Amino acid sequence: MKKKGHSFFLTKPSIIHFSDLEHHLKERGYSLIAGVDEAGRGAIAGPVFASAVILPEGFDPKEIKDSKKLNPKKREELFDYICSNALTYAIAKVDVDEINAQGILKATFKAMYEALKRLNPQPQVVLVDGPLLIPEFRGVQKAVVEGDNLCVCIAAASILAKVARDNYMKELAKVYPQYGFEKHKGYGTKLHFSKIKIYGPCEVHRTYYQCFL
């Protein structure tokens with residue numbers, strides 16, 4: 001493995017099996033490996049959430065995989081399992097006013113960075129879901145495209161972020177019952193757009209998006 005600035009790349013050609021990358025890193029002396037993922041980046045309402053997770057040596061991944069491939073009940077079960085067994089984890093969110101002011105990319109990176117800062121112990125290396133690194137983070141990190149399908153720590157982070165945000169949106173539905181947030185979680189579904197057409201956007205909608213212009 002060669003380091004390049006604060007990111008790194010592996011000399012092996014590809015990561016094929018689930019957790020291969022984590023195993024390679026552990027073979028090279030990294031024991032505190034954090035996975036980072038977001039939830040709600042593609043929504044048109046509500047905050048963006050991010051989670052960072054470090055799993056202990058010998059952690060049993062059970063049925064952990066990309067949160068989008070799990071039903072809500074299984075996600076809730078795995079959320080509790082991860083929280084009970086992780087070495088450390090953190091969940092952070094950035095609210096709509098900041099998303100509207102800064103854009104979703106900067107807001108997502110801020111949520112990821114805030115989650116990372118709360119980890120104790122701090123990671124030796126961070127695996128970030130997607131093609132981009134976290135600009136504010138100064139430690140060693142690697143962007144992993146489709147990371148929630150390749151790395152158990154990223155998949156675990158995806159579950160924590162997804163469940164936390166879904167639960168938040170269910171509570172938001174009690175404040176704004178007319179929009180059905182408990183059903184679509186703020187994403188741009190046919191139902192959601194039909195409600196916006198009737199009631200107009202409210203203060204938790206991301207009004208800088210093109211669909212609101």
# chains A, B, ... in the order shown; residues from 1 in each chain; ligands from 1

call {"tool": "residues_around", "arguments": {"residues": "Tyr176 in chain A", "least_positions_apart": "4", "cutoff": "12 Å", "atoms": "only C-alpha atoms", "output": "list in words"}}
result
Ala45, Gly46, Met169, Lys170, Glu171, Leu172, Gly180, Phe181, Glu182, Gly186, Lys195, Ile196, Tyr199, Gly200, Pro201, Cys202, Glu203, Val204 and His205 of chain A

call {"tool": "write_last_selection", "arguments": {"atoms": "all heavy atoms", "output": "compact mmCIF listing (two decimals), in the first residue's frame"}}
result
# COMPACT_ATOMS: atom_id res chain seq x y z
N ALA A 45 -36.18 17.29 1.22
CA ALA A 45 -36.63 17.88 2.48
C ALA A 45 -35.90 17.20 3.63
O ALA A 45 -35.48 16.05 3.53
CB ALA A 45 -38.14 17.71 2.65
N GLY A 46 -35.75 17.93 4.72
CA GLY A 46 -35.13 17.38 5.91
C GLY A 46 -33.62 17.47 5.88
O GLY A 46 -33.01 17.77 4.86
N MET A 169 -37.31 11.81 10.49
CA MET A 169 -38.35 12.22 9.55
C MET A 169 -39.74 11.78 10.02
O MET A 169 -40.74 12.47 9.76
CB MET A 169 -38.06 11.66 8.16
CG MET A 169 -36.79 12.21 7.51
SD MET A 169 -36.73 14.02 7.39
CE MET A 169 -38.05 14.34 6.21
N LYS A 170 -39.82 10.68 10.74
CA LYS A 170 -41.10 10.26 11.33
C LYS A 170 -41.56 11.27 12.37
O LYS A 170 -42.76 11.57 12.48
CB LYS A 170 -40.96 8.88 11.96
CG LYS A 170 -40.79 7.75 10.96
CD LYS A 170 -40.53 6.43 11.68
CE LYS A 170 -40.19 5.32 10.71
NZ LYS A 170 -39.82 4.07 11.41
N GLU A 171 -40.62 11.79 13.15
CA GLU A 171 -40.97 12.82 14.13
C GLU A 171 -41.36 14.13 13.43
O GLU A 171 -42.28 14.83 13.86
CB GLU A 171 -39.79 13.06 15.08
CG GLU A 171 -39.51 11.90 16.02
CD GLU A 171 -40.71 11.56 16.89
OE1 GLU A 171 -41.28 12.50 17.51
OE2 GLU A 171 -41.11 10.38 16.93
N LEU A 172 -40.68 14.43 12.34
CA LEU A 172 -40.99 15.64 11.58
C LEU A 172 -42.39 15.56 10.98
O LEU A 172 -43.08 16.58 10.84
CB LEU A 172 -39.95 15.82 10.47
CG LEU A 172 -39.68 17.24 9.97
CD1 LEU A 172 -39.22 18.14 11.12
CD2 LEU A 172 -38.63 17.22 8.87
N GLY A 180 -46.67 13.84 4.62
CA GLY A 180 -46.42 12.41 4.60
C GLY A 180 -44.95 12.03 4.71
O GLY A 180 -44.51 11.04 4.13
N PHE A 181 -44.19 12.80 5.50
CA PHE A 181 -42.76 12.53 5.63
C PHE A 181 -42.46 11.13 6.17
O PHE A 181 -41.42 10.56 5.88
CB PHE A 181 -42.09 13.57 6.55
CG PHE A 181 -41.96 14.93 5.95
CD1 PHE A 181 -42.29 16.06 6.69
CD2 PHE A 181 -41.50 15.10 4.66
CE1 PHE A 181 -42.16 17.33 6.13
CE2 PHE A 181 -41.37 16.36 4.10
CZ PHE A 181 -41.69 17.49 4.84
N GLU A 182 -43.38 10.58 6.95
CA GLU A 182 -43.15 9.25 7.50
C GLU A 182 -43.15 8.17 6.42
O GLU A 182 -42.62 7.07 6.63
CB GLU A 182 -44.22 8.92 8.56
CG GLU A 182 -45.59 8.57 8.02
CD GLU A 182 -46.43 9.77 7.60
OE1 GLU A 182 -45.92 10.91 7.66
OE2 GLU A 182 -47.60 9.56 7.19
N GLY A 186 -38.87 12.41 2.93
CA GLY A 186 -38.36 13.64 2.33
C GLY A 186 -37.81 13.49 0.94
O GLY A 186 -37.34 14.47 0.34
N LYS A 195 -48.07 16.44 -2.66
CA LYS A 195 -48.36 17.20 -1.43
C LYS A 195 -47.81 18.62 -1.54
O LYS A 195 -48.45 19.58 -1.09
CB LYS A 195 -47.74 16.49 -0.23
CG LYS A 195 -48.30 15.09 0.03
CD LYS A 195 -49.76 15.12 0.40
CE LYS A 195 -50.25 13.73 0.80
NZ LYS A 195 -51.69 13.72 1.14
N ILE A 196 -46.63 18.76 -2.15
CA ILE A 196 -46.05 20.09 -2.33
C ILE A 196 -46.93 20.92 -3.26
O ILE A 196 -47.12 22.13 -3.06
CB ILE A 196 -44.62 19.99 -2.88
CG1 ILE A 196 -43.71 19.33 -1.85
CG2 ILE A 196 -44.08 21.37 -3.25
CD1 ILE A 196 -42.33 18.96 -2.38
N TYR A 199 -49.90 22.01 -0.94
CA TYR A 199 -49.61 22.84 0.23
C TYR A 199 -48.44 23.81 0.04
O TYR A 199 -48.24 24.70 0.87
CB TYR A 199 -49.32 21.96 1.44
CG TYR A 199 -50.45 21.03 1.80
CD1 TYR A 199 -50.38 19.67 1.52
CD2 TYR A 199 -51.61 21.52 2.39
CE1 TYR A 199 -51.43 18.81 1.84
CE2 TYR A 199 -52.67 20.68 2.71
CZ TYR A 199 -52.57 19.33 2.43
OH TYR A 199 -53.61 18.49 2.73
N GLY A 200 -47.68 23.63 -1.04
CA GLY A 200 -46.48 24.43 -1.21
C GLY A 200 -45.36 23.92 -0.31
O GLY A 200 -45.60 23.12 0.61
N PRO A 201 -44.12 24.35 -0.53
CA PRO A 201 -43.01 23.91 0.32
C PRO A 201 -43.10 24.55 1.71
O PRO A 201 -43.66 25.63 1.87
CB PRO A 201 -41.77 24.39 -0.43
CG PRO A 201 -42.25 25.55 -1.25
CD PRO A 201 -43.67 25.23 -1.61
N CYS A 202 -42.56 23.87 2.69
CA CYS A 202 -42.50 24.41 4.05
C CYS A 202 -41.04 24.66 4.42
O CYS A 202 -40.13 24.50 3.60
CB CYS A 202 -43.16 23.46 5.05
SG CYS A 202 -42.24 21.94 5.35
N GLU A 203 -40.80 25.05 5.65
CA GLU A 203 -39.46 25.48 6.04
C GLU A 203 -38.44 24.34 6.12
O GLU A 203 -37.24 24.59 6.24
CB GLU A 203 -39.51 26.20 7.40
CG GLU A 203 -40.12 25.36 8.52
CD GLU A 203 -40.49 26.21 9.72
OE1 GLU A 203 -40.79 27.40 9.53
OE2 GLU A 203 -40.48 25.68 10.83
N VAL A 204 -38.87 23.08 6.03
CA VAL A 204 -37.90 21.99 6.04
C VAL A 204 -37.62 21.46 4.63
O VAL A 204 -36.91 20.47 4.47
CB VAL A 204 -38.36 20.83 6.95
CG1 VAL A 204 -38.48 21.30 8.39
CG2 VAL A 204 -39.64 20.19 6.46
N HIS A 205 -38.16 22.12 3.61
CA HIS A 205 -37.83 21.76 2.24
C HIS A 205 -36.55 22.47 1.80
O HIS A 205 -36.28 23.59 2.22
CB HIS A 205 -38.99 22.11 1.29
CG HIS A 205 -40.10 21.12 1.34
ND1 HIS A 205 -41.27 21.36 2.05
CD2 HIS A 205 -40.24 19.89 0.79
CE1 HIS A 205 -42.08 20.31 1.93
NE2 HIS A 205 -41.48 19.41 1.18

call {"tool": "closest_atom_pairs", "arguments": {"of": "range 47-112 of chain A", "to": "range 154-158 of chain A", "cutoff": "12 Å", "atoms": "only C-alpha atoms", "output": "tab-separated table"}}
result
residue	atom	partner	partner_atom	distance
A:Phe49	CA	A:Ser158	CA	9.7
A:Ala50	CA	A:Ala157	CA	7.7
A:Ser51	CA	A:Ala157	CA	5.1
A:Ala52	CA	A:Ala157	CA	5.6
A:Val53	CA	A:Ala157	CA	5.6
A:Ile54	CA	A:Ala157	CA	8.9
A:Leu55	CA	A:Ala156	CA	8.7
A:Phe59	CA	A:Ala156	CA	11.4
A:Asp60	CA	A:Ala156	CA	11.5
A:Pro61	CA	A:Ala156	CA	8.6
A:Lys62	CA	A:Ala156	CA	10.8
A:Glu63	CA	A:Ala156	CA	10.1
A:Ile64	CA	A:Ala156	CA	6.5
A:Lys65	CA	A:Ala155	CA	5.1
A:Asp66	CA	A:Ala155	CA	5.0
A:Ser67	CA	A:Ser158	CA	5.7
A:Lys68	CA	A:Ser158	CA	8.5
A:Lys69	CA	A:Ala155	CA	10.4
A:Leu70	CA	A:Ala155	CA	10.9
A:Arg75	CA	A:Ser158	CA	9.8
A:Glu76	CA	A:Ala156	CA	11.8
A:Glu77	CA	A:Ala156	CA	11.9
A:Leu78	CA	A:Ala156	CA	8.3
A:Phe79	CA	A:Ala156	CA	8.0
A:Asp80	CA	A:Ala156	CA	10.9
A:Tyr81	CA	A:Ala156	CA	9.8
A:Ile82	CA	A:Ala156	CA	6.9
A:Cys83	CA	A:Ala156	CA	9.5
A:Asn85	CA	A:Ala156	CA	11.0
A:Ala86	CA	A:Ala156	CA	9.3
A:Thr88	CA	A:Ala157	CA	11.1
A:Tyr89	CA	A:Ala157	CA	8.3
A:Ala90	CA	A:Ala157	CA	8.9
A:Ile91	CA	A:Ala157	CA	8.7
A:Ala92	CA	A:Ala157	CA	11.3
A:Met112	CA	A:Ala157	CA	10.4

call {"tool": "closest_residue", "arguments": {"among": "A:Leu87, A:Thr207, A:Gly188, A:Asp20", "to": "Pro121 in chain A", "atoms": "only C-alpha atoms"}}
result
A:Leu87

call {"tool": "atom_distance", "arguments": {"atom1": "CA of Leu160 in chain A", "atom2": "CA of Arg41 in chain A"}}
result
14.6 Å

call {"tool": "select_by_dssp", "arguments": {"residues": "chain A", "states": "alpha helix (DSSP H)", "output": "number ranges by chain"}}
result
A: 20-27, 72-85, 96-102, 104-117, 152-175, 181-184, 190-199

call {"tool": "residues_around", "arguments": {"residues": "Ile198 in chain A", "least_positions_apart": "6", "cutoff": "12 Å", "atoms": "only C-alpha atoms", "output": "mmCIF file with C-alpha atoms, in the first residue's frame"}}
result
data_model
loop_
_atom_site.group_PDB
_atom_site.id
_atom_site.type_symbol
_atom_site.label_atom_id
_atom_site.label_comp_id
_atom_site.auth_asym_id
_atom_site.auth_seq_id
_atom_site.Cartn_x
_atom_site.Cartn_y
_atom_site.Cartn_z
ATOM 1 C CA GLN A 178 -49.759 17.158 5.520
ATOM 2 C CA TYR A 179 -46.598 16.096 3.654
ATOM 3 C CA LEU A 191 -46.660 11.366 -3.339
ATOM 4 C CA HIS A 192 -44.302 14.017 -1.981
#

call {"tool": "residues_around", "arguments": {"residues": "Lys93 in chain A", "least_positions_apart": "6", "cutoff": "10 Å", "atoms": "only C-alpha atoms", "output": "ChimeraX atom specification"}}
result
/A:38-40,46-51,107-108,110-112,114-115,161,164-165

call {"tool": "select_by_dssp", "arguments": {"residues": "range 57-110 of chain A", "states": "strand (DSSP E or B)", "output": "list of chain:residue names"}}
result
A:Thr88, A:Tyr89, A:Ala90, A:Ile91, A:Ala92, A:Lys93, A:Val94

call {"tool": "closest_residue", "arguments": {"among": "A:Ile134, A:Val126, A:Ile104, A:Val94", "to": "Ala43 in chain A", "atoms": "only C-alpha atoms"}}
result
A:Ile104
